[in-house]
Amino acid sequence: MRILCTNDDGIYARGLEALVKIARELSDDVWVVAPQEEQSGAARALTLAHPIRMRQYDDRRFAVTGTPSDAVLMGINKILGGEKPDLILSGVNNGQNLAEDVTVSGTIAGAFQGMSMGVPSVALSLSRLSRDQAKWETAEAHGARIVRMLLEARWPQNVVMNVNFPDRAPDDVAGIEATVQGHRDAVQLFAEERKDLRGGTYYWYGYTGELSNPPAGTDLRAIYEGRISITPLHLSLTDFEARKALAAVIDAKGLKG
């Protein structure tokens with residue numbers, strides 16, 4: 001089985017080391033193509049207005065000057081010569097990708113790019129609910145088992161599996177849960193205003209430490225309670241109830257062609 005690994009934290013990220021360790025428990029044919037620099041929050045961006053450059057570190061390890069989506073595209077189309085891998089793993093992200101995070105996450109975007117090219121893809125993230133050091137050993141201890149279970153179970157071609165590990169030691173993980181995408185009831189992102197040494201104003205995004213109160217069955221609740229969350233995601237963002245109501249209005253006004 002050929003596995004292509006990518007991430008959004010960059011080629012030097014500790015989480016990428018964890019991901020490669022997980023991948024090598026599953027196969028000895030592991031390739032790495034990651035952004036040269038951190039691309040957190042890049043979502044599904046592609047580099048269209050600038051050239052992409054590539055750097056090779058060894059026979060199966062490469063970095064590109066672009067986004068996670070660029071890395072997957074370059075990995076399959078150029079580095080692997082158009083031959084699709086059997087699996088794409090994206091991560092392990094330094095921080096959770098839950099709820100609204102999934103629409104901006106570069107980690108999940110790397111998996112979506114693989115899925116859109118016909119390759120089964122899994123995004124993996126490590127939750128950070130405290131300021132303590134990231135517990136990479138938790139992802140390393142459970143990651144291969146989770147991916148192996150998913151491969152045995154299989155999943156639809158238009159779905160990406162979003163795996164989040166809780167902020168706990170490996171032996172303290174409270175189980176595994178198949179979850180739905182949650183929604184935070186507390187706004188966590190804020191912009192802090194600062195001054196540079198020349199008196200200019202700049203802004204730095206940050207997150208508050210306030211947790212939401214999500215219902216059972218969501219990715220948020222699973223992580224808050226120490227379980228590994230696995231959420232099947234797809235790219236269709238259509239709200240069918242809103243579409244039904246809109247169609248009724250259009251029909252009532254006789255506007256439908």
# chains A, B, ... in the order shown; residues from 1 in each chain; ligands from 1
call {"tool": "select_by_dssp", "arguments": {"residues": "region 35-147 of chain A", "states": "helix (DSSP H, G or I)", "output": "JSON, numbers by chain"}}
result
{"A": [68, 69, 70, 71, 72, 73, 74, 75, 76, 77, 78, 79, 99, 100, 101, 102, 103, 106, 107, 108, 109, 110, 111, 112, 113, 114, 115, 116, 136, 137, 138, 139, 140, 141, 142, 143, 144, 145, 146, 147]}
call {"tool": "write_last_selection", "arguments": {"atoms": "N, CA and C atoms", "output": "tab-separated table (two decimals), in the first residue's frame"}}
result
chain	number	residue	atom	x	y	z
A	68	PRO	N	-1.53	23.05	1.37
A	68	PRO	CA	-1.72	21.60	1.42
A	68	PRO	C	-2.34	21.04	0.13
A	69	SER	N	-3.28	21.78	-0.45
A	69	SER	CA	-3.86	21.31	-1.72
A	69	SER	C	-2.81	21.27	-2.82
A	70	ASP	N	-1.95	22.29	-2.86
A	70	ASP	CA	-0.84	22.28	-3.81
A	70	ASP	C	0.05	21.05	-3.59
A	71	ALA	N	0.32	20.75	-2.32
A	71	ALA	CA	1.21	19.64	-2.01
A	71	ALA	C	0.65	18.31	-2.51
A	72	VAL	N	-0.66	18.11	-2.34
A	72	VAL	CA	-1.27	16.87	-2.81
A	72	VAL	C	-1.27	16.81	-4.33
A	73	LEU	N	-1.62	17.92	-4.97
A	73	LEU	CA	-1.60	17.97	-6.43
A	73	LEU	C	-0.21	17.68	-6.99
A	74	MET	N	0.81	18.34	-6.43
A	74	MET	CA	2.17	18.12	-6.88
A	74	MET	C	2.63	16.70	-6.57
A	75	GLY	N	2.22	16.21	-5.41
A	75	GLY	CA	2.62	14.87	-5.02
A	75	GLY	C	2.13	13.82	-5.99
A	76	ILE	N	0.86	13.91	-6.36
A	76	ILE	CA	0.29	12.91	-7.26
A	76	ILE	C	0.71	13.14	-8.70
A	77	ASN	N	0.57	14.38	-9.18
A	77	ASN	CA	0.77	14.64	-10.61
A	77	ASN	C	2.23	14.70	-11.03
A	78	LYS	N	3.12	15.15	-10.14
A	78	LYS	CA	4.52	15.31	-10.51
A	78	LYS	C	5.43	14.29	-9.84
A	79	ILE	N	5.40	14.25	-8.52
A	79	ILE	CA	6.35	13.39	-7.81
A	79	ILE	C	6.05	11.91	-8.04
A	99	ALA	N	-15.96	21.14	14.49
A	99	ALA	CA	-17.02	22.11	14.27
A	99	ALA	C	-16.69	23.01	13.08
A	100	GLU	N	-16.75	24.35	13.28
A	100	GLU	CA	-16.51	25.29	12.19
A	100	GLU	C	-15.09	25.25	11.65
A	101	ASP	N	-14.16	24.67	12.41
A	101	ASP	CA	-12.76	24.59	11.97
A	101	ASP	C	-12.63	23.91	10.61
A	102	VAL	N	-13.55	22.98	10.31
A	102	VAL	CA	-13.35	22.14	9.13
A	102	VAL	C	-13.39	22.94	7.83
A	103	THR	N	-14.01	24.13	7.85
A	103	THR	CA	-14.10	24.92	6.62
A	103	THR	C	-12.85	25.75	6.36
A	106	GLY	N	-6.41	23.71	6.83
A	106	GLY	CA	-5.55	23.21	5.77
A	106	GLY	C	-5.34	21.72	5.87
A	107	THR	N	-5.37	21.19	7.08
A	107	THR	CA	-5.23	19.75	7.28
A	107	THR	C	-6.35	19.00	6.58
A	108	ILE	N	-7.57	19.44	6.82
A	108	ILE	CA	-8.72	18.79	6.19
A	108	ILE	C	-8.73	19.05	4.69
A	109	ALA	N	-8.27	20.23	4.29
A	109	ALA	CA	-8.20	20.55	2.86
A	109	ALA	C	-7.28	19.59	2.11
A	110	GLY	N	-6.15	19.23	2.73
A	110	GLY	CA	-5.26	18.26	2.09
A	110	GLY	C	-5.96	16.94	1.84
A	111	ALA	N	-6.77	16.52	2.82
A	111	ALA	CA	-7.53	15.28	2.65
A	111	ALA	C	-8.61	15.43	1.59
A	112	PHE	N	-9.29	16.58	1.57
A	112	PHE	CA	-10.32	16.82	0.55
A	112	PHE	C	-9.72	16.83	-0.85
A	113	GLN	N	-8.51	17.38	-0.99
A	113	GLN	CA	-7.88	17.38	-2.30
A	113	GLN	C	-7.60	15.95	-2.75
A	114	GLY	N	-7.13	15.13	-1.83
A	114	GLY	CA	-6.91	13.73	-2.17
A	114	GLY	C	-8.21	13.04	-2.55
A	115	MET	N	-9.27	13.27	-1.77
A	115	MET	CA	-10.57	12.67	-2.06
A	115	MET	C	-11.06	13.08	-3.44
A	116	SER	N	-10.90	14.38	-3.77
A	116	SER	CA	-11.38	14.88	-5.07
A	116	SER	C	-10.61	14.27	-6.23
A	136	TRP	N	1.82	14.24	21.60
A	136	TRP	CA	1.99	13.53	20.33
A	136	TRP	C	1.94	12.03	20.51
A	137	GLU	N	2.34	11.56	21.69
A	137	GLU	CA	2.33	10.12	21.93
A	137	GLU	C	0.93	9.53	21.83
A	138	THR	N	-0.10	10.35	22.05
A	138	THR	CA	-1.47	9.85	21.96
A	138	THR	C	-1.83	9.55	20.51
A	139	ALA	N	-1.52	10.48	19.61
A	139	ALA	CA	-1.76	10.22	18.20
A	139	ALA	C	-0.92	9.05	17.70
A	140	GLU	N	0.34	8.99	18.14
A	140	GLU	CA	1.22	7.90	17.69
A	140	GLU	C	0.76	6.55	18.22
A	141	ALA	N	0.21	6.52	19.42
A	141	ALA	CA	-0.22	5.25	20.00
A	141	ALA	C	-1.50	4.72	19.37
A	142	HIS	N	-2.41	5.60	18.99
A	142	HIS	CA	-3.72	5.17	18.50
A	142	HIS	C	-3.91	5.34	17.00
A	143	GLY	N	-3.05	6.12	16.35
A	143	GLY	CA	-3.29	6.48	14.96
A	143	GLY	C	-3.38	5.33	13.99
A	144	ALA	N	-2.40	4.44	14.00
A	144	ALA	CA	-2.39	3.33	13.05
A	144	ALA	C	-3.60	2.42	13.25
A	145	ARG	N	-3.96	2.19	14.49
A	145	ARG	CA	-5.12	1.33	14.78
A	145	ARG	C	-6.41	1.96	14.22
A	146	ILE	N	-6.54	3.28	14.39
A	146	ILE	CA	-7.72	3.97	13.88
A	146	ILE	C	-7.77	3.90	12.35
A	147	VAL	N	-6.66	4.21	11.69
A	147	VAL	CA	-6.64	4.19	10.23
A	147	VAL	C	-6.89	2.77	9.71
call {"tool": "residues_around", "arguments": {"residues": "Gln157 (chain A)", "least_positions_apart": "6", "cutoff": "8 Å", "atoms": "only C-alpha atoms", "output": "list in words"}}
result
Met115, Gly118, Val119 and Pro120 of chain A
call {"tool": "atom_distance", "arguments": {"atom1": "CA of Ala216 (chain A)", "atom2": "CA of Arg184 (chain A)"}}
result
13.0 Å
call {"tool": "atom_distance", "arguments": {"atom1": "CA of Gly66 (chain A)", "atom2": "CA of Asp29 (chain A)"}}
result
24.1 Å
call {"tool": "residues_around", "arguments": {"residues": "region 235-248 of chain A", "least_positions_apart": "4", "cutoff": "9 Å", "atoms": "only C-alpha atoms", "output": "list in words"}}
result
Phe112, Asn158, Val159, Val160, Ala252, Lys253 and Lys256 of chain A
call {"tool": "closest_residue", "arguments": {"among": "A:Leu189, A:Leu197, A:Ile176, A:Ala43", "to": "Gly217 (chain A)", "atoms": "only C-alpha atoms"}}
result
A:Ile176
call {"tool": "residues_around", "arguments": {"residues": "region 13-25 of chain A", "least_positions_apart": "5", "cutoff": "12 Å", "atoms": "only C-alpha atoms", "output": "ChimeraX atom specification"}}
result
/A:1-8,30-40,60-61,63,86-95,107,122-127,133-148
